[in-house]
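**Student:** Dropping a structure here in structure tokens format, bear with me for questions.
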Amino acid sequence: MVTLVNLRAYRRFFVVAWHFLPLLFSYARDRHRFLLFGGSRRVDSETRVQRANTLLESLLTLGPTFIKLGQLLSTRPDILPPEYVDVLSKLQDEVPPADWSEAEKVVEAELGPVAREFDSFDTDAISGASLGQVYAAEVDDRSVAVKVRRPGIEDLVEADLRVIRWSVPVLMRFIGQARAFSLETLADEFARTIRQEMDYDREATMLTEIRENFADDDDVAIPAVIESHSGPRVLTMEYLGGTKINDVATLDEKGIDRTDLAETLQRAYLQMIIEDGVFHADPHPGNLAVRDDGTVVFYDFGMSGRVDAFIQEKIVDFYVAVANQNIDAILDALIEMGTLSPEADRATMGEVMELAIQDARGEDIETYRVQQIVSQVEDTIYEFPLRLPSNLALVLRVATVVEGVCVTLDPEFDFIAVATDYLTEQGYREESIKQFLEQASDEVQASAQSLVRVPPKLERTLDRTDRDDLYVRVNVEDDDDVFDLFAKRLVYGMLLSFSLLTTGILYTFSTLRAAIVAGAFTLVVAGLLYRSFRKRRGIRATPQFTRQNLRQHEERE
């Protein structure tokens with residue numbers, strides 16, 4: 001089996017390479033106009049959009065694994081420019097279902113004969129996706145939805161994962177060093193994510209946990225798992241019908257208040273992310289429905305995630321800071337979450353956040369949308385660039401998709417106002433104010449202590465200055481070896497001048513052999529001097545974020 005997978009991977013590698021070679025060729029010319037030499041080319045936004053659409057077509061052509069890869073890339077603005085993120089975010093996981101004859105083999109291998117296990121079974125799939133397809137059936141006079149893993153998908157995914165791992169070292173030659181670190185981790189992250197999504201036992205566990213968290217909420221409905229008819233490759237759930245959440249006309253016909261519906265959806269996700277720590281991570285309209293009484297129904301928990309307590313706390317800090325328009329607090333939350341480097345220019349980042357808030361703000365001080373803020377942050381993340389923790393990237397993408405659905409329901413929907421009300425009701429804003437007051441009290445005490453300690457120290461320092469007894473020790477950090485480089489260039493320059501003079505004197509007054517030896521030495525020195533300038537053209541500012549910096553930052557966390 002391993003040999004067959006490897007053979008398939010070798011064949012797929014050449015297919016994948018054929019599709020991506022034109023893009024790679026373009027990226028290579030961006031770095032060196034003539035591939036091996038020449039200056040870099042500036043790429044405008046329109047060109048990036050064209051390339052992103054070419055990439056999208058290639059991903060669709062290459063099939064299920066690469067469709068999922070495109071969806072994951074759409075959540076990673078630390079790897080791709082914003083134009084690519086926007087285009088790939090439109091990638092829908094909808095493909096024609098496999099033949100029933102093939103899907104039936106999966107069901108029977110997992111559960112037994114279909115006619116025996118189900119009262120009825122509609123063999124026409126009601127939906128198809130890259131990794132699985134869903135059928136309507138009945139069990140014990142109960143309507144159910146049966147999700148079946150796509151036949152033969154395991155071998156295809158494993159072969160494609162090998163191709164992706166083999167391709168990463170090649171791709172790293174076409175991107176910057178900071179993004180290379182993110183790309184290295186992406187292959188492992190993607191392999192873990194897609195295997196989790198194919199594991200229906202895991203999906204059943206996540207679905208059940210989230211359903212229990214909303215057991216007392218009459219505004220949210222999540223289907224129950226039929227455990228007797230479920231397994232790693234087949235998941236049978238209670239069937240809950242409803243109107244597709246973006247079918248605005250039908251919702252209006254049924255008299256459903258769309259503003260209340262948007263608020264219900266937003267509050268549900270705030271609870272999942274901030275309170276529960278486990279969330280449905282694929283909130284596009286195909287996975288959300290509305291019952292006649294206005295209840296929101298969630299489908300498909302294959303893409304779901306967890307948020308640890310620390311990230312939950314920082315997300316709350318971020319929301320509270322945005323609601324209070326506290327730029328410093330926003331930056332602090334981003335740094336503590338790991339999305340912004342502590343070495344980043346706070347003044348620049350502060351201006352970016354101020355512009356984002358000003359651009360998104362309406363007449364009311366809190367009527368601005370988080371999607372616009374996240375969009376600005378994503379642009380900045382790519383430009384600096386940074387690495388996002390995988391689940392945090394998923395949370396950011398979920399927030400933007402949810403807000404898009406809410407705005408479809410109500411164009412005037414105020415995402416931040418709802419989030420602010422939720423945080424206030426849960427006591428988070430009061431707690432934030434209390435923490436601020438405690439911190440301010442500590443700072444006042446520290447300032448008072450400093451006022452007592454500083455005058456005596458200042459008097460002693462002035463006395464030593466008056467006695468000419470004051471010495472200042474200065475340590476100069478030279479991580480880039482700039483002084484060493486200057487010293488080498490100075491020595492090489494002096495040697496070159498001396499050797500040129502010597503060669504001229506020997507050529508004029510001595511033998512030709514002596515002049516040739518001196519000339520050879522002169523050429524060697526000239527070569528060393530040229531190499532020192534060739535290695536570093538002047539003094540350049542090194543990137544703020546390197547692979548080593550990021551690894552050290554992760555080790556500290």
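Naming works like this for the structure tokens: A, B, ... for the chains as they're shown, residue 1 at the start of each chain, ligands 1 onward in shown order.
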If we count only C-alpha atoms, what is near segment 513-523 of chain A at a cut-off of 8 Å, once residues fewer than 6 positions away on the same chain are taken out, given as a count of residues only?

**Tutor:** 8

**Student:** Write out as a ChimeraX atom specification which residues come within 12 Å of Gln50 of chain A when counting only C-alpha atoms, dropping same-chain ones fewer than 6 positions away.

**Tutor:** /A:23,26,43-44,56-57,83-84,86-87

**Student:** Could you save the residues just selected, with N, CA and C atoms, as a PDB file, in the first residue's frame?

**Tutor:**
```pdb
ATOM      1  N   LEU A  23       3.318  30.026 -12.402  1.00  0.00           N
ATOM      2  CA  LEU A  23       3.327  30.937 -11.266  1.00  0.00           C
ATOM      3  C   LEU A  23       4.717  31.042 -10.659  1.00  0.00           C
ATOM      4  N   SER A  26       6.905  33.201 -12.673  1.00  0.00           N
ATOM      5  CA  SER A  26       6.610  34.627 -12.446  1.00  0.00           C
ATOM      6  C   SER A  26       7.212  35.117 -11.140  1.00  0.00           C
ATOM      7  N   VAL A  43       5.419  44.340  -8.098  1.00  0.00           N
ATOM      8  CA  VAL A  43       4.170  43.702  -8.525  1.00  0.00           C
ATOM      9  C   VAL A  43       2.999  44.512  -7.990  1.00  0.00           C
ATOM     10  N   ASP A  44       2.131  44.976  -8.877  1.00  0.00           N
ATOM     11  CA  ASP A  44       0.991  45.766  -8.435  1.00  0.00           C
ATOM     12  C   ASP A  44      -0.162  44.862  -8.008  1.00  0.00           C
ATOM     13  N   LEU A  56      -6.267  29.836  -8.042  1.00  0.00           N
ATOM     14  CA  LEU A  56      -7.580  29.272  -7.708  1.00  0.00           C
ATOM     15  C   LEU A  56      -7.986  28.214  -8.728  1.00  0.00           C
ATOM     16  N   GLU A  57      -7.812  28.505 -10.015  1.00  0.00           N
ATOM     17  CA  GLU A  57      -8.162  27.537 -11.063  1.00  0.00           C
ATOM     18  C   GLU A  57      -7.317  26.266 -10.943  1.00  0.00           C
ATOM     19  N   GLU A  83      -4.557  40.154  -1.551  1.00  0.00           N
ATOM     20  CA  GLU A  83      -5.298  39.856  -2.772  1.00  0.00           C
ATOM     21  C   GLU A  83      -5.544  38.361  -2.910  1.00  0.00           C
ATOM     22  N   TYR A  84      -4.546  37.543  -2.563  1.00  0.00           N
ATOM     23  CA  TYR A  84      -4.698  36.091  -2.636  1.00  0.00           C
ATOM     24  C   TYR A  84      -5.712  35.607  -1.598  1.00  0.00           C
ATOM     25  N   ASP A  86      -8.229  37.228  -0.361  1.00  0.00           N
ATOM     26  CA  ASP A  86      -9.585  37.585  -0.791  1.00  0.00           C
ATOM     27  C   ASP A  86     -10.107  36.615  -1.847  1.00  0.00           C
ATOM     28  N   VAL A  87      -9.275  36.282  -2.822  1.00  0.00           N
ATOM     29  CA  VAL A  87      -9.712  35.390  -3.907  1.00  0.00           C
ATOM     30  C   VAL A  87      -9.944  33.973  -3.382  1.00  0.00           C
TER      31      VAL A  87
END
```

**Student:** May I have the residues within 7 Å of Arg291 of chain A as a ChimeraX atom specification, using only C-alpha atoms and disregarding those fewer than 2 positions away in the same chain?

**Tutor:** /A:241-243,289,293-296

**Student:** Please write the residues from the selection above to a file, keeping N, CA and C atoms, as a PDB file, in the first residue's frame.

**Tutor:**
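Output file selection01.pdb is given in full below:
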```pdb
ATOM      1  N   GLY A 241     -34.316  20.311   9.216  1.00  0.00           N
ATOM      2  CA  GLY A 241     -34.522  21.109   8.017  1.00  0.00           C
ATOM      3  C   GLY A 241     -34.600  22.584   8.340  1.00  0.00           C
ATOM      4  N   GLY A 242     -34.570  23.399   7.315  1.00  0.00           N
ATOM      5  CA  GLY A 242     -34.676  24.836   7.507  1.00  0.00           C
ATOM      6  C   GLY A 242     -34.387  25.596   6.235  1.00  0.00           C
ATOM      7  N   THR A 243     -34.581  26.876   6.282  1.00  0.00           N
ATOM      8  CA  THR A 243     -34.304  27.765   5.151  1.00  0.00           C
ATOM      9  C   THR A 243     -32.844  28.195   5.192  1.00  0.00           C
ATOM     10  N   ALA A 289     -28.781  27.236   8.636  1.00  0.00           N
ATOM     11  CA  ALA A 289     -30.184  27.285   8.210  1.00  0.00           C
ATOM     12  C   ALA A 289     -31.022  27.904   9.315  1.00  0.00           C
ATOM     13  N   ASP A 293     -39.403  28.980  13.363  1.00  0.00           N
ATOM     14  CA  ASP A 293     -39.545  29.771  14.595  1.00  0.00           C
ATOM     15  C   ASP A 293     -38.354  30.702  14.830  1.00  0.00           C
ATOM     16  N   GLY A 294     -37.433  30.793  13.842  1.00  0.00           N
ATOM     17  CA  GLY A 294     -36.285  31.680  13.957  1.00  0.00           C
ATOM     18  C   GLY A 294     -35.057  31.044  14.575  1.00  0.00           C
ATOM     19  N   THR A 295     -35.117  29.751  14.863  1.00  0.00           N
ATOM     20  CA  THR A 295     -33.958  29.055  15.434  1.00  0.00           C
ATOM     21  C   THR A 295     -32.872  28.882  14.373  1.00  0.00           C
ATOM     22  N   VAL A 296     -31.627  29.136  14.743  1.00  0.00           N
ATOM     23  CA  VAL A 296     -30.492  28.954  13.837  1.00  0.00           C
ATOM     24  C   VAL A 296     -29.993  27.518  13.943  1.00  0.00           C
TER      25      VAL A 296
END
```

**Student:** From the DSSP assignment of the backbone, select every residue of segment 224-433 of chain A that is helix (DSSP H, G or I), and format the answer as JSON, numbers by chain.

**Tutor:** {"A": [227, 228, 229, 248, 249, 250, 251, 252, 253, 258, 259, 260, 261, 262, 263, 264, 265, 266, 267, 268, 269, 270, 271, 272, 273, 274, 275, 276, 285, 286, 287, 309, 310, 311, 312, 313, 314, 315, 316, 317, 318, 319, 320, 321, 322, 323, 324, 327, 328, 329, 330, 331, 332, 333, 334, 335, 336, 337, 346, 347, 348, 349, 350, 351, 352, 353, 354, 355, 356, 357, 358, 359, 360, 370, 371, 372, 373, 374, 375, 376, 377, 378, 379, 380, 381, 382, 383, 390, 391, 392, 393, 394, 395, 396, 397, 398, 399, 400, 401, 402, 403, 404, 405, 406, 407, 408, 409, 415, 416, 417, 418, 419, 420, 421, 422, 423, 424, 425, 428, 429, 430, 431, 432, 433]}

**Student:** Which of these residues is nearest to Ala159 of chain A, using only C-alpha atoms: A:Pro81, A:Gly286, A:Pro64, A:Pro22?

**Tutor:**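 Of all the options, A:Pro64 lies closest to Ala159 of chain A.
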
**Student:** Could you list, as a list in words, every residue within 8 Å of Leu265 of chain A, counting only C-alpha atoms and ignoring same-chain residues fewer than 2 positions away?

**Tutor:**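 Listing them by chain and then by number gives Leu261, Ala262, Glu263, Arg267, Ala268, Tyr269, Val296, Val402 and Cys406 of chain A.
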
**Student:** Can you work out which one of A:Ser58, A:Thr259, A:Asn6, A:Asn326 has the shortest atom-to-atom distance to Glu354 of chain A, counting only C-alpha atoms?

**Tutor:**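 That would be A:Asn326, the residue with the smallest distance to Glu354 of chain A.
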
**Student:** Rank A:Ile67, A:Val491, A:Ile274, A:Ala526 by their smallest atom-to-atom distance to Arg306 of chain A, using only C-alpha atoms, and report the top residue only.

**Tutor:**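 With only C-alpha atoms as the atom set, the closest residue is A:Ile274.
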
**Student:** In terms of the shortest atom-to-atom distance over only C-alpha atoms, which of A:Ala419, A:Ala323, A:Val290, A:Val234 is closest to Leu270 of chain A?

**Tutor:**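 When distances to Leu270 of chain A are compared using only C-alpha atoms, the smallest one comes from A:Ala419.
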
**Student:** Where in segment 23-238 of chain A does DSSP assign strand (DSSP E or B), given as a list in words?

**Tutor:**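 Written out, the strand (DSSP E or B) residues of segment 23-238 of chain A are Ser120, Phe121, Ser127, Gly128, Gly132, Gln133, Val134, Tyr135, Ala136, Ala137, Glu138, Val139, Arg142, Ser143, Val144, Ala145, Val146, Lys147, Val148, Arg149, Val220, Ala221, Val225, Val234, Leu235, Thr236, Met237 and Glu238 of chain A.
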
**Student:** May I have the selected residues written with C-alpha atoms, as a PDB file, in the first residue's frame?

**Tutor:**
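And here's part03.pdb as it stands now:
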```
ATOM      1  CA  SER A 120     -35.173   3.980   3.865  1.00  0.00           C
ATOM      2  CA  PHE A 121     -32.194   5.518   2.087  1.00  0.00           C
ATOM      3  CA  SER A 127     -24.898  17.665  -0.995  1.00  0.00           C
ATOM      4  CA  GLY A 128     -21.388  16.858  -2.130  1.00  0.00           C
ATOM      5  CA  GLY A 132     -17.561  13.540   1.816  1.00  0.00           C
ATOM      6  CA  GLN A 133     -21.194  13.608   0.703  1.00  0.00           C
ATOM      7  CA  VAL A 134     -24.515  13.631   2.527  1.00  0.00           C
ATOM      8  CA  TYR A 135     -27.617  11.466   1.977  1.00  0.00           C
ATOM      9  CA  ALA A 136     -31.141  11.610   3.426  1.00  0.00           C
ATOM     10  CA  ALA A 137     -32.409   8.458   5.183  1.00  0.00           C
ATOM     11  CA  GLU A 138     -34.649   7.184   7.968  1.00  0.00           C
ATOM     12  CA  VAL A 139     -33.785   5.206  11.104  1.00  0.00           C
ATOM     13  CA  ARG A 142     -36.663   9.262  12.365  1.00  0.00           C
ATOM     14  CA  SER A 143     -35.325  11.455   9.558  1.00  0.00           C
ATOM     15  CA  VAL A 144     -31.532  11.454   9.509  1.00  0.00           C
ATOM     16  CA  ALA A 145     -28.667  12.829   7.419  1.00  0.00           C
ATOM     17  CA  VAL A 146     -25.905  10.346   6.598  1.00  0.00           C
ATOM     18  CA  LYS A 147     -22.458  11.780   5.869  1.00  0.00           C
ATOM     19  CA  VAL A 148     -20.221   9.348   3.967  1.00  0.00           C
ATOM     20  CA  ARG A 149     -16.519   9.774   3.358  1.00  0.00           C
ATOM     21  CA  VAL A 220     -29.769  27.505  18.516  1.00  0.00           C
ATOM     22  CA  ALA A 221     -30.337  23.982  17.166  1.00  0.00           C
ATOM     23  CA  VAL A 225     -25.452  12.128  16.568  1.00  0.00           C
ATOM     24  CA  VAL A 234     -19.865   7.333   8.252  1.00  0.00           C
ATOM     25  CA  LEU A 235     -21.636   9.889  10.448  1.00  0.00           C
ATOM     26  CA  THR A 236     -25.393   9.691  10.940  1.00  0.00           C
ATOM     27  CA  MET A 237     -27.110  12.721  12.469  1.00  0.00           C
ATOM     28  CA  GLU A 238     -30.585  13.898  13.250  1.00  0.00           C
TER      29      GLU A 238
END
```

**Student:** Need the shell around Gly152 of chain A: protein/DNA/RNA residues with any atom at most 10 Å away, counting only C-alpha atoms. Skip same-chain ones fewer than 3 positions apart. Format as a PyMOL selection string?

**Tutor:** chain A and resi 102-103+106+131+149+155-157
